[in-house]
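In what follows, a structure is listed as structure tokens, so that the remarks can point back to it.
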Amino acid sequence: MKKQQTGQPMNRVDGRLKVTGGAKYFADHQPADMQYAALVCSTISCGAIASINTTKALRAPGVADIVSHLNAPPVPGYKKTNPGDKNGLQIFRDNRIYSNGQPVAIVVANTMERAVYAASLVEVQYNQETHYTNMEASMDKAFQNNRMKDYSRGEINAWQKAPVTHSAQYTIPLEVHNPMELAGIIAHWTSPDTLTLYAKTQGVKSVQETIQELFEIPEQNITVHSRFVGGAFGMALRVWPLEIATILAAKKIRKPVKLVITREQMFTLVGYRPNSSQTISMGATADGKLTGITHEAVAITSPYEDFTEGIVAMTKFMYDCPNVNTRYQLVPLNMSTPIWMRGPGEATGSFALESAIDELSYKLKIDPLQLRILNHADTDPERNLPFSSKYLKEAYQIGAEKIGWSSRNPAPRSMQENGMLAGYGMSSGTFGAYRGKATVSAILKADGTLTLQSAAADIGPGTATAMVQIAADVTGISPDKITFMLGESSFPYAPEQGGSATVSTVGSAVSDVCHTLLKELANLAISQVPAFKQTTPEQIIYEDGQLITADRQTKITHEALLQQQKLPEVKVTATSQGGEERKKYSMYSFSVHFAKVHVHPTTGVVRIQHIVSVADAGAIVNTKTARSQMIGGVVGGIGMALTEEAILDHRFGRFVNNNYADYHVPVNADTPPTDVYFVNKKDPYINPMGSKGLGEIALIGFAAAVSNAVFHATGIRVRDLPITPDKLLHITSTENTNT
Amino acid sequence: MPQENKPSSVPPKKDKQEARRDFLKQSSAVMALALAPPLVLKAAQHDEAIAAVFEKMPVNLEINGKKMQLSVEPRVTLLDLLREQLALTGTKKGCDHGQCGACTVHVNGQRINSCLTLAVMQEGKKITTIEGLSSGDQLHPVQEAFIRHDGFQCGYCTPGQIMSAVACLHEGHAGSPEQIREFMSGNICRCGAYDNIVNAIMDVKNGGQIA
Amino acid sequence: MNPFSYVRPNSLKAAIDAMARDHSARFIAGGTNLLDLMKNGVTLPEKLIDINQLPLREIRQDGNTLHIGALVLNSNLAAHELVKTQHPLLSEALLAGASQQLRNMATVGGNMMQRTRCSYFYDTSMPCNKRQPNSGCGAIGGINRMHAIFGASDNCIAVHPSDMCVALAALDATVLVAGPKGERRIPFTDFHRLPGNTPQLDNNLAKNELITAVEIPTHPFTKHICYLKVRDRASYAFALVSVAVAMDISDNVIRNIRIAMGGVAHKPWRLPDAEKALTGKAPTSDNFRLAANIAIQGAKTYAHNGFKKDLAFNSIQTALLKAATA
């Protein structure tokens, strides 16, 4: 019998490469005669470069060249825009400095040590101007971007008239993606108009497109390799100035150049989650029916780009509430541009919304889980459409049961365990379930192996593994005979890996191309194999790499079929994208997070004891890698809730904790046993697999679950992340506990 | 070529004086003065000092069971030697400051951060990297457990996690999930695979398969 | 890193001689802090003197003292039977610091010599009197959440980051150093300095002196001990505040007690007045509160580290109680 491969906990197809050190990330490549680069970065936050003295640096041993705005090769694409337009940082175009840490020169030498040392010898003089890096002090600069206009339904600020109201401000500091792999690139101009790149990217095709626009060389002359990516979480969704700087340096010296930036530079060169301030106000009837929500958010951006994300998105449709209005503004500061960081704006917005709901529940004296169920949106109140699938209530139920929600004493600061204040909190999250356009080619060889190719990416979720499972189900070919190749710009188009859409987008194309392949094989069999003459492609059974007649009397293997016809291979290509269904249904994934915390009564230290996260993400393709994605999102959420905060000294516009020792991403000891559950019901409309996305909802809402649990444990509401021990110290001043 | 040290090519033995003469032949003392940064200029009053600054030093290491006679600048870290000169790129750079554990290797059986030690300081030591952990096609039990438990996502911290996990087991610090969590805290996993990593190590511990 | 020369002397004398010839030189043992600083351009030695060949790796009991060679690794020290049984406080403090990988590299001497984690010290683009005398203190008017509340000066409010040293300060250790003029002994609590007008000096070691060993006298502190470290994440983080407590209790009376704190001063911060107040007293919550109150007298806080005074007050009591009930 045919064993279904999707839904199984299959081991990763590239696991062996990853555990043996055989997986090659961009910096692991060593083209012949490769040179090493190091950046010289601005130490001021606003102004202009007055002079760059490279005399000493150029005399240092092994230095090949130093490239800056003074001598960089021209970037033809820059001419399409005027300096000062909001087109991003056009590296080396002129002498303007917009933010601290902006690259001002790139040094190339024949060893890494020499490049790094020579970079330290470059002397840069600046004409400094007043800079602004403090959002609170720069609110007068707030403006609205056209992409993010005010939203309202019903009456504006209706919450004010409600019998029970809650209104509060929630702040989230600047957070940095900080994947383990340092950013950088290897660039090699093999001819004046031919460029090869080993990149760290979430989309090889978008790199190709950006480079084509900037350098105006034919697309096919740009080769981008990016098979393994050491985490990204959004920071590799675009080409950054550091990559252009390296490409320019490589152009100048006509040799391959490798740049790997430092951990410090990861804070200023490759985006971040912008710090934000949100005010949520909500009103409800005494029995807990929401009557109005107002959500106003402000977040920072750079001087040269308007970065927007879905901070207020979730508020518009999460709860069944007749009156909702939102506003989202940006404050431009002397900072580099942010970039979507896992769960992007929704992770920010959900902290405010899901904390506020929790706060309201205590005012109403209604269980916070119950309050959410009471206001459950059965249809999408923003778009007035049915959801394609929504099993949020099931998810609430599973989570509540597994964490033991019913054993919770609802009163704040009422529970103690082993001398610790104990608390339970929960929250929900949601993110759009998208499906883009992708093309996959399938090559069935006469030896029976199937190779699929698409320019997709894998930043960690296990793209190829899931694709192999999908292909195995459609074709009936055993997974060990299927290879899915990704991360090459020469492969057919796939979009960037982002927005939790890879399985939906690329998986659909895999499914389609496999169906196309089967049809091709069927037609071959029908036309060439006598026993199949009377059958149709739909009647044929596809199992174990064979075509079988409906009566199961005749079988032919793929190998035999191709060999009979003397075909070395059969190759088909299919492009796939969503259709009209997206206009008829609202498509979202949902998550529910439950956390149990202990708070030390005298030191304020929070330790999460147990986590239960439940996802309504449609059909799960691989339960093993899906669990990994969920626990990964949870760990990201622990960081957001308890430890992560990039701190600037506004006098200088410089970060003071731009390293892994002082910017605290969670370590193993911060994480408790985590239980993950999937509702695991197919979405009937979104795509052939019935799978919605998972990557974002794993994190979205999580910080609020922790904050809500901390309130339950201590009676202290922390609205300013992260919840570090100092913010809970005053428990003792109002306390009656013994240590 | 950045890969001046090929594991197979053992440089001919030279005494120090000879090496220095070589250096001075390649770039005359005058040239060295013209090219040198101020720091070196100061030292350049004595030719011995110039040589000492520029000169590569011999270092003998046993890496993954292979004895190697290498020649490196003193400022080259063990991590950069492995990655950039010996093409052993399984060991990763995540921070270069001993704050993440991605560069974890074993020196004489003990786990260390290879980014915070100089290659020349490891004279005579036995280094094991992720490439040297398995024997032939047979994976180390910890490697197998990491695959089974999906103890990674992007895989970048994985070589460091595995080297650390093997040492953690040997040290006797894998007595409980809590102890593992503490003693594996020197290895950051930004993808957040910690729970699976703990399960993988517990699995090996309980299976008694520590090689 | 800047280019430097490298020598590996085989004897103590050769090591000290090598230093005498070149004052920009630095001794290197584990390298976990020195290389970190060199990569950031904070320290730029022209020569490194690798002392790992020196015979300073012994741990032995000498009559009434435990002798610990300066090159003993932090991990080996924490796991040593004599330390675990006679000075468990030291073992606990060691294991609270860094990661196992770093403890496998870091030596006892190097741990004592490690420099502050102050961000302004580490960033050569910002002012710091410790790194660059008379350039100003970035932390005083800047971000100072991690900074000192005791013994700071208008020139520097940095803290010493070690955990091990807090325990050694509590345990009345002595530092043995060797220099061109021979050996000398420095009481541990006099080894590190307060910043005063010379914040560039972390300790009282002369430039060409080398730590050879640390000695700890035999104590009755084998049972009632606690090293409490409060930090922003569960492991692999520097202390906001740490408290080392060792006491000897009999017949419900504290006969002898040692208390020291980390994360609060430019040096491990011993609390003699609080010790005095508790000696001869019963180990009660009230007495502990009294002692904690004495301990935080004179604390001076800045814009972001005001919480440390409260955290110290609470943590001292918690650590005392934990030690008493251990």
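Residue numbering restarts at 1 for every chain of the structure tokens, chains are lettered A, B, ... in their displayed order, and ligands are numbered from 1 as they appear.
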Report as a tab-separated table the residues of chain A within 8 Å of chain C, each with its shortest atom pair and distance in Å (one decimal), using only C-alpha atoms, ordered by chain and increasing residue number.
residue	atom	partner	partner_atom	distance
A:Thr43	CA	C:Ser125	CA	6.4
A:Glu113	CA	C:Met1	CA	6.6
A:Val116	CA	C:Met1	CA	6.9
A:Tyr117	CA	C:Met1	CA	5.6
A:Thr602	CA	C:Asn314	CA	5.6
A:Thr603	CA	C:Leu311	CA	6.2
A:Val605	CA	C:Val230	CA	7.4
A:Arg607	CA	C:Ala234	CA	7.9
A:Leu642	CA	C:Arg233	CA	7.9
A:Thr643	CA	C:Asp232	CA	6.4
A:Asp649	CA	C:Gly142	CA	6.2
A:Arg651	CA	C:Gly142	CA	7.7
A:Phe652	CA	C:Met126	CA	7.8
A:Val656	CA	C:Ser119	CA	5.4
A:Asn657	CA	C:Ser119	CA	6.7
A:Ala661	CA	C:Ala237	CA	6.5
A:Asp662	CA	C:Ala237	CA	7.5
A:His664	CA	C:Arg233	CA	6.9
A:Pro666	CA	C:Arg233	CA	6.9
A:Val667	CA	C:Ser235	CA	6.9
A:Ala669	CA	C:Ala234	CA	5.6
A:Asp670	CA	C:Ala234	CA	5.2
A:Thr724	CA	C:Asp232	CA	6.0
A:Pro725	CA	C:Asp232	CA	6.8
A:Asp726	CA	C:Phe307	CA	5.9
A:Leu729	CA	C:Leu311	CA	6.9
A:Thr739	CA	C:Thr318	CA	6.8
Taking only C-alpha atoms into account, produce a table as JSON lines in which each residue of chain A with an atom at most 7 Å from an atom of chain B appears once, together with its shortest atom pair and the distance in Å to one decimal, ordered by chain and rising number.
{"residue": "A:Asn11", "atom": "CA", "partner": "B:Arg148", "partner_atom": "CA", "distance": 6.4}
{"residue": "A:Gly15", "atom": "CA", "partner": "B:Ile147", "partner_atom": "CA", "distance": 5.6}
{"residue": "A:Lys18", "atom": "CA", "partner": "B:Gly155", "partner_atom": "CA", "distance": 5.3}
{"residue": "A:Val19", "atom": "CA", "partner": "B:Gln143", "partner_atom": "CA", "distance": 5.6}
{"residue": "A:Thr20", "atom": "CA", "partner": "B:Ile130", "partner_atom": "CA", "distance": 6.0}
{"residue": "A:Gly21", "atom": "CA", "partner": "B:Gly90", "partner_atom": "CA", "distance": 3.8}
{"residue": "A:Gly22", "atom": "CA", "partner": "B:Gly90", "partner_atom": "CA", "distance": 6.3}
{"residue": "A:Asp28", "atom": "CA", "partner": "B:Thr89", "partner_atom": "CA", "distance": 5.6}
{"residue": "A:Ala32", "atom": "CA", "partner": "B:Met1", "partner_atom": "CA", "distance": 6.5}
{"residue": "A:Asp33", "atom": "CA", "partner": "B:Met1", "partner_atom": "CA", "distance": 4.5}
{"residue": "A:Met34", "atom": "CA", "partner": "B:Pro2", "partner_atom": "CA", "distance": 6.4}
{"residue": "A:Lys56", "atom": "CA", "partner": "B:Pro37", "partner_atom": "CA", "distance": 6.1}
{"residue": "A:Arg59", "atom": "CA", "partner": "B:Leu35", "partner_atom": "CA", "distance": 4.5}
{"residue": "A:Ala60", "atom": "CA", "partner": "B:Ala36", "partner_atom": "CA", "distance": 5.7}
{"residue": "A:Pro61", "atom": "CA", "partner": "B:Leu35", "partner_atom": "CA", "distance": 6.7}
{"residue": "A:Asn110", "atom": "CA", "partner": "B:Pro2", "partner_atom": "CA", "distance": 6.4}
{"residue": "A:Thr111", "atom": "CA", "partner": "B:Pro2", "partner_atom": "CA", "distance": 6.0}
{"residue": "A:Pro179", "atom": "CA", "partner": "B:Arg190", "partner_atom": "CA", "distance": 5.8}
{"residue": "A:Met180", "atom": "CA", "partner": "B:Gly94", "partner_atom": "CA", "distance": 5.2}
{"residue": "A:Glu181", "atom": "CA", "partner": "B:Gly94", "partner_atom": "CA", "distance": 5.6}
{"residue": "A:Leu182", "atom": "CA", "partner": "B:Gly94", "partner_atom": "CA", "distance": 6.1}
{"residue": "A:Val229", "atom": "CA", "partner": "B:Cys154", "partner_atom": "CA", "distance": 6.4}
{"residue": "A:Gly230", "atom": "CA", "partner": "B:Tyr156", "partner_atom": "CA", "distance": 4.8}
{"residue": "A:Gly231", "atom": "CA", "partner": "B:Cys154", "partner_atom": "CA", "distance": 5.3}
{"residue": "A:Thr262", "atom": "CA", "partner": "B:Cys95", "partner_atom": "CA", "distance": 6.9}
{"residue": "A:Arg263", "atom": "CA", "partner": "B:Cys95", "partner_atom": "CA", "distance": 5.3}
{"residue": "A:Ile459", "atom": "CA", "partner": "B:Cys154", "partner_atom": "CA", "distance": 5.6}
{"residue": "A:Gly460", "atom": "CA", "partner": "B:Cys154", "partner_atom": "CA", "distance": 3.6}
{"residue": "A:Pro461", "atom": "CA", "partner": "B:Gln153", "partner_atom": "CA", "distance": 5.9}
{"residue": "A:Thr625", "atom": "CA", "partner": "B:Asp150", "partner_atom": "CA", "distance": 7.0}
{"residue": "A:Ser628", "atom": "CA", "partner": "B:Ala193", "partner_atom": "CA", "distance": 6.3}
{"residue": "A:Ile631", "atom": "CA", "partner": "B:Gly192", "partner_atom": "CA", "distance": 6.4}
{"residue": "A:Gly632", "atom": "CA", "partner": "B:Gly192", "partner_atom": "CA", "distance": 4.0}
{"residue": "A:Val635", "atom": "CA", "partner": "B:Gly192", "partner_atom": "CA", "distance": 5.2}
{"residue": "A:Gly636", "atom": "CA", "partner": "B:Gly192", "partner_atom": "CA", "distance": 6.9}
{"residue": "A:Tyr660", "atom": "CA", "partner": "B:Gln99", "partner_atom": "CA", "distance": 5.5}
{"residue": "A:Ala661", "atom": "CA", "partner": "B:Gln99", "partner_atom": "CA", "distance": 5.5}
{"residue": "A:Val667", "atom": "CA", "partner": "B:Ser185", "partner_atom": "CA", "distance": 5.2}
{"residue": "A:Asn668", "atom": "CA", "partner": "B:Ser185", "partner_atom": "CA", "distance": 4.9}
{"residue": "A:Ala669", "atom": "CA", "partner": "B:Arg181", "partner_atom": "CA", "distance": 4.7}
{"residue": "A:Pro673", "atom": "CA", "partner": "B:Asp195", "partner_atom": "CA", "distance": 6.3}
{"residue": "A:Thr674", "atom": "CA", "partner": "B:Asp195", "partner_atom": "CA", "distance": 6.9}
Min atom-atom distance to chain B from the set C:Ala79, C:Ile296, C:Ala70, C:Ala303, counting only C-alpha atoms, belongs to C:Ala79
Neighbours of chain B in chain C at 12 Å, counting only C-alpha atoms, as a JSON list (two decimals) with N, CA and C atoms, in the first residue's frame:
[["chain", "number", "residue", "atom", "x", "y", "z"],
["C", 1, "MET", "N", 43.39, 41.96, 14.04],
["C", 1, "MET", "CA", 44.37, 42.25, 15.11],
["C", 1, "MET", "C", 45.61, 42.90, 14.54],
["C", 2, "ASN", "N", 46.25, 43.73, 15.34],
["C", 2, "ASN", "CA", 47.53, 44.30, 14.94],
["C", 2, "ASN", "C", 48.58, 43.18, 14.89],
["C", 3, "PRO", "N", 49.62, 43.35, 14.09],
["C", 3, "PRO", "CA", 50.67, 42.33, 14.09],
["C", 3, "PRO", "C", 51.46, 42.40, 15.41],
["C", 4, "PHE", "N", 51.89, 41.26, 15.85],
["C", 4, "PHE", "CA", 52.69, 41.23, 17.08],
["C", 4, "PHE", "C", 53.64, 40.04, 17.00],
["C", 5, "SER", "N", 54.64, 40.07, 17.82],
["C", 5, "SER", "CA", 55.53, 38.92, 17.88],
["C", 5, "SER", "C", 55.10, 38.03, 19.04],
["C", 6, "TYR", "N", 55.57, 36.84, 19.01],
["C", 6, "TYR", "CA", 55.08, 35.84, 19.95],
["C", 6, "TYR", "C", 56.24, 35.02, 20.48],
["C", 7, "VAL", "N", 56.35, 34.93, 21.78],
["C", 7, "VAL", "CA", 57.39, 34.09, 22.37],
["C", 7, "VAL", "C", 56.77, 33.15, 23.40],
["C", 8, "ARG", "N", 57.44, 32.03, 23.61],
["C", 8, "ARG", "CA", 56.90, 31.02, 24.52],
["C", 8, "ARG", "C", 58.00, 30.60, 25.50],
["C", 22, "ASP", "N", 60.33, 44.55, 27.00],
["C", 22, "ASP", "CA", 59.36, 45.14, 26.09],
["C", 22, "ASP", "C", 58.07, 45.50, 26.84],
["C", 24, "SER", "N", 55.42, 47.05, 25.94],
["C", 24, "SER", "CA", 54.11, 46.94, 25.32],
["C", 24, "SER", "C", 53.66, 45.48, 25.27],
["C", 28, "ILE", "N", 50.12, 36.06, 27.92],
["C", 28, "ILE", "CA", 48.87, 35.42, 27.50],
["C", 28, "ILE", "C", 48.82, 34.01, 28.06],
["C", 29, "ALA", "N", 47.65, 33.66, 28.61],
["C", 29, "ALA", "CA", 47.47, 32.30, 29.14],
["C", 29, "ALA", "C", 46.29, 31.67, 28.41],
["C", 30, "GLY", "N", 45.06, 31.88, 28.91],
["C", 30, "GLY", "CA", 43.90, 31.37, 28.19],
["C", 30, "GLY", "C", 43.61, 32.20, 26.95],
["C", 31, "GLY", "N", 43.79, 33.49, 27.09],
["C", 31, "GLY", "CA", 43.57, 34.41, 25.97],
["C", 31, "GLY", "C", 42.12, 34.82, 25.79],
["C", 32, "THR", "N", 41.22, 34.31, 26.63],
["C", 32, "THR", "CA", 39.79, 34.54, 26.38],
["C", 32, "THR", "C", 39.40, 36.00, 26.51],
["C", 33, "ASN", "N", 40.10, 36.77, 27.32],
["C", 33, "ASN", "CA", 39.78, 38.19, 27.40],
["C", 33, "ASN", "C", 40.77, 39.02, 26.57],
["C", 34, "LEU", "N", 42.05, 38.65, 26.62],
["C", 34, "LEU", "CA", 43.06, 39.45, 25.92],
["C", 34, "LEU", "C", 42.81, 39.47, 24.40],
["C", 35, "LEU", "N", 42.54, 38.31, 23.82],
["C", 35, "LEU", "CA", 42.32, 38.28, 22.37],
["C", 35, "LEU", "C", 41.04, 39.01, 22.00],
["C", 36, "ASP", "N", 40.05, 38.90, 22.85],
["C", 36, "ASP", "CA", 38.80, 39.64, 22.68],
["C", 36, "ASP", "C", 39.10, 41.14, 22.61],
["C", 37, "LEU", "N", 39.90, 41.62, 23.55],
["C", 37, "LEU", "CA", 40.25, 43.04, 23.59],
["C", 37, "LEU", "C", 41.12, 43.44, 22.40],
["C", 38, "MET", "N", 42.01, 42.56, 22.01],
["C", 38, "MET", "CA", 42.88, 42.87, 20.86],
["C", 38, "MET", "C", 42.06, 42.95, 19.57],
["C", 39, "LYS", "N", 41.07, 42.07, 19.44],
["C", 39, "LYS", "CA", 40.24, 42.12, 18.24],
["C", 39, "LYS", "C", 39.46, 43.42, 18.16],
["C", 40, "ASN", "N", 39.12, 43.97, 19.32],
["C", 40, "ASN", "CA", 38.38, 45.24, 19.33],
["C", 40, "ASN", "C", 39.29, 46.46, 19.31],
["C", 44, "LEU", "N", 46.63, 46.82, 22.30],
["C", 44, "LEU", "CA", 47.42, 46.61, 21.08],
["C", 44, "LEU", "C", 48.87, 46.24, 21.42],
["C", 45, "PRO", "N", 49.09, 45.07, 22.00],
["C", 45, "PRO", "CA", 50.45, 44.69, 22.36],
["C", 45, "PRO", "C", 51.30, 44.42, 21.12],
["C", 46, "GLU", "N", 52.56, 44.72, 21.21],
["C", 46, "GLU", "CA", 53.46, 44.39, 20.10],
["C", 46, "GLU", "C", 54.08, 43.02, 20.28],
["C", 47, "LYS", "N", 53.93, 42.49, 21.49],
["C", 47, "LYS", "CA", 54.49, 41.16, 21.74],
["C", 47, "LYS", "C", 53.59, 40.41, 22.71],
["C", 48, "LEU", "N", 53.38, 39.13, 22.44],
["C", 48, "LEU", "CA", 52.67, 38.29, 23.39],
["C", 48, "LEU", "C", 53.66, 37.27, 23.97],
["C", 49, "ILE", "N", 53.60, 37.15, 25.27],
["C", 49, "ILE", "CA", 54.46, 36.18, 25.95],
["C", 49, "ILE", "C", 53.55, 35.06, 26.45],
["C", 50, "ASP", "N", 53.59, 33.94, 25.76],
["C", 50, "ASP", "CA", 52.72, 32.80, 26.09],
["C", 50, "ASP", "C", 53.32, 32.09, 27.30],
["C", 51, "ILE", "N", 52.60, 32.10, 28.42],
["C", 51, "ILE", "CA", 53.14, 31.53, 29.66],
["C", 51, "ILE", "C", 52.63, 30.11, 29.92],
["C", 52, "ASN", "N", 51.97, 29.52, 28.93],
["C", 52, "ASN", "CA", 51.36, 28.21, 29.17],
["C", 52, "ASN", "C", 52.35, 27.09, 29.44],
["C", 53, "GLN", "N", 53.65, 27.32, 29.11],
["C", 53, "GLN", "CA", 54.65, 26.29, 29.39],
["C", 53, "GLN", "C", 55.09, 26.30, 30.86],
["C", 73, "LEU", "N", 43.11, 25.74, 35.09],
["C", 73, "LEU", "CA", 41.94, 26.16, 34.32],
["C", 73, "LEU", "C", 40.72, 26.29, 35.22],
["C", 75, "SER", "N", 37.72, 25.41, 34.73],
["C", 75, "SER", "CA", 36.90, 24.19, 34.77],
["C", 75, "SER", "C", 37.53, 23.15, 35.70],
["C", 76, "ASN", "N", 38.85, 23.01, 35.61],
["C", 76, "ASN", "CA", 39.53, 22.03, 36.46],
["C", 76, "ASN", "C", 39.45, 22.43, 37.94],
["C", 79, "ALA", "N", 36.05, 21.66, 39.35],
["C", 79, "ALA", "CA", 35.77, 20.23, 39.48],
["C", 79, "ALA", "C", 36.72, 19.52, 40.44],
["C", 95, "LEU", "N", 31.46, 27.99, 38.41],
["C", 95, "LEU", "CA", 30.48, 27.41, 37.47],
["C", 95, "LEU", "C", 29.39, 28.40, 37.08],
["C", 96, "ALA", "N", 29.29, 29.49, 37.82],
["C", 96, "ALA", "CA", 28.30, 30.53, 37.46],
["C", 96, "ALA", "C", 28.84, 31.45, 36.38],
["C", 97, "GLY", "N", 30.13, 31.32, 36.08],
["C", 97, "GLY", "CA", 30.72, 32.24, 35.11],
["C", 97, "GLY", "C", 30.90, 31.61, 33.75],
["C", 98, "ALA", "N", 30.69, 32.41, 32.72],
["C", 98, "ALA", "CA", 31.00, 32.05, 31.33],
["C", 98, "ALA", "C", 30.33, 30.75, 30.89],
["C", 99, "SER", "N", 31.02, 29.99, 30.04],
["C", 99, "SER", "CA", 30.50, 28.72, 29.53],
["C", 99, "SER", "C", 31.57, 27.67, 29.79],
["C", 100, "GLN", "N", 31.21, 26.41, 29.62],
["C", 100, "GLN", "CA", 32.21, 25.36, 29.85],
["C", 100, "GLN", "C", 33.38, 25.52, 28.89],
["C", 101, "GLN", "N", 33.13, 25.91, 27.66],
["C", 101, "GLN", "CA", 34.23, 26.11, 26.71],
["C", 101, "GLN", "C", 35.21, 27.16, 27.23],
["C", 102, "LEU", "N", 34.67, 28.27, 27.71],
["C", 102, "LEU", "CA", 35.54, 29.34, 28.20],
["C", 102, "LEU", "C", 36.23, 28.92, 29.49],
["C", 103, "ARG", "N", 35.53, 28.20, 30.34],
["C", 103, "ARG", "CA", 36.16, 27.73, 31.59],
["C", 103, "ARG", "C", 37.28, 26.74, 31.29],
["C", 104, "ASN", "N", 37.17, 26.04, 30.14],
["C", 104, "ASN", "CA", 38.25, 25.13, 29.73],
["C", 104, "ASN", "C", 39.47, 25.86, 29.21],
["C", 105, "MET", "N", 39.35, 27.15, 28.98],
["C", 105, "MET", "CA", 40.47, 27.94, 28.46],
["C", 105, "MET", "C", 40.99, 28.90, 29.52],
["C", 106, "ALA", "N", 40.08, 29.51, 30.25],
["C", 106, "ALA", "CA", 40.44, 30.58, 31.18],
["C", 106, "ALA", "C", 41.21, 30.03, 32.37],
["C", 233, "ARG", "N", 19.91, 36.75, 31.76],
["C", 233, "ARG", "CA", 19.44, 35.47, 31.22],
["C", 233, "ARG", "C", 19.96, 34.36, 32.11],
["C", 234, "ALA", "N", 19.46, 33.16, 31.89],
["C", 234, "ALA", "CA", 19.66, 32.10, 32.87],
["C", 234, "ALA", "C", 21.10, 31.62, 32.98],
["C", 235, "SER", "N", 21.88, 31.81, 31.94],
["C", 235, "SER", "CA", 23.26, 31.36, 31.95],
["C", 235, "SER", "C", 24.04, 32.17, 30.93],
["C", 236, "TYR", "N", 25.37, 32.13, 31.02],
["C", 236, "TYR", "CA", 26.21, 32.75, 30.00],
["C", 236, "TYR", "C", 25.95, 34.25, 29.95],
["C", 237, "ALA", "N", 25.88, 34.87, 31.11],
["C", 237, "ALA", "CA", 25.68, 36.32, 31.18],
["C", 237, "ALA", "C", 26.40, 36.85, 32.40],
["C", 238, "PHE", "N", 26.81, 38.10, 32.32],
["C", 238, "PHE", "CA", 27.48, 38.72, 33.46],
["C", 238, "PHE", "C", 26.44, 39.09, 34.51]]
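Pairwise distance (CA of Ser250 (chain C), CA of Ile225 (chain C)) equals 14.2 Å.
The helix (DSSP H, G or I) portion of region 119-289 of chain C consists of Ser119, Tyr120, Phe121, Tyr122, Met164, Cys165, Val166, Ala167, Leu168, Ala169, Ala170, Phe188, Thr189, Asp190, Phe191, Pro272, Asp273, Ala274, Glu275, Lys276, Ala277, Leu278, Ser285, Asp286, Asn287, Phe288 and Arg289 of chain C, with states taken from DSSP on the backbone.
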Quick one: everything within 10 Å of Glu569 (chain A), counting only C-alpha atoms, minus sequence neighbours fewer than 3 positions away in the same chain. Send it as a list of chain:residue names.
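Those residues are A:Ala442, A:Ile443, A:Leu444, A:Lys445, A:Ala446, A:Asp447, A:Gly448, A:Thr449, A:Leu450, A:Glu559, A:Leu562, A:Gln563, A:Lys566, A:Val572.
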Just the residues within 10 Å of Lys205 (chain B), please, counting only C-alpha atoms, with nothing from its chain fewer than 4 positions along; format it as a short mmCIF file (atom, residue, chain, number, x, y, z; two decimals) with N, CA and C atoms, in the first residue's frame.
data_model
loop_
_atom_site.label_atom_id
_atom_site.label_comp_id
_atom_site.auth_asym_id
_atom_site.auth_seq_id
_atom_site.Cartn_x
_atom_site.Cartn_y
_atom_site.Cartn_z
N PRO B 141 27.31 8.74 17.38
CA PRO B 141 25.94 8.64 17.92
C PRO B 141 25.29 9.99 18.17
N VAL B 142 26.08 10.98 18.55
CA VAL B 142 25.49 12.31 18.79
C VAL B 142 25.03 12.93 17.47
N LEU B 169 28.79 15.12 27.33
CA LEU B 169 28.57 13.73 27.73
C LEU B 169 29.82 13.15 28.38
N HIS B 170 30.97 13.39 27.78
CA HIS B 170 32.23 12.88 28.34
C HIS B 170 32.54 13.45 29.71
N GLY B 172 30.52 14.19 31.89
CA GLY B 172 29.55 13.76 32.90
C GLY B 172 28.60 14.89 33.27
N ALA B 174 25.79 15.48 31.60
CA ALA B 174 24.51 15.23 30.92
C ALA B 174 23.61 14.37 31.81
N GLY B 175 23.67 14.66 33.10
CA GLY B 175 22.94 13.83 34.05
C GLY B 175 21.44 14.02 34.02
N SER B 176 20.99 15.19 33.62
CA SER B 176 19.56 15.48 33.59
C SER B 176 19.34 16.55 32.52
N ASN B 199 16.93 16.79 23.99
CA ASN B 199 16.39 15.45 23.77
C ASN B 199 17.41 14.54 23.08
N ALA B 200 18.13 15.10 22.12
CA ALA B 200 19.13 14.31 21.41
C ALA B 200 20.23 13.84 22.37
N ILE B 201 20.68 14.75 23.22
CA ILE B 201 21.76 14.39 24.15
C ILE B 201 21.26 13.37 25.19
N GLN B 209 25.42 5.25 24.26
CA GLN B 209 26.20 5.10 23.03
C GLN B 209 27.31 6.12 22.89
N ILE B 210 27.89 6.56 23.99
CA ILE B 210 28.94 7.58 23.86
C ILE B 210 30.20 6.93 23.32
#
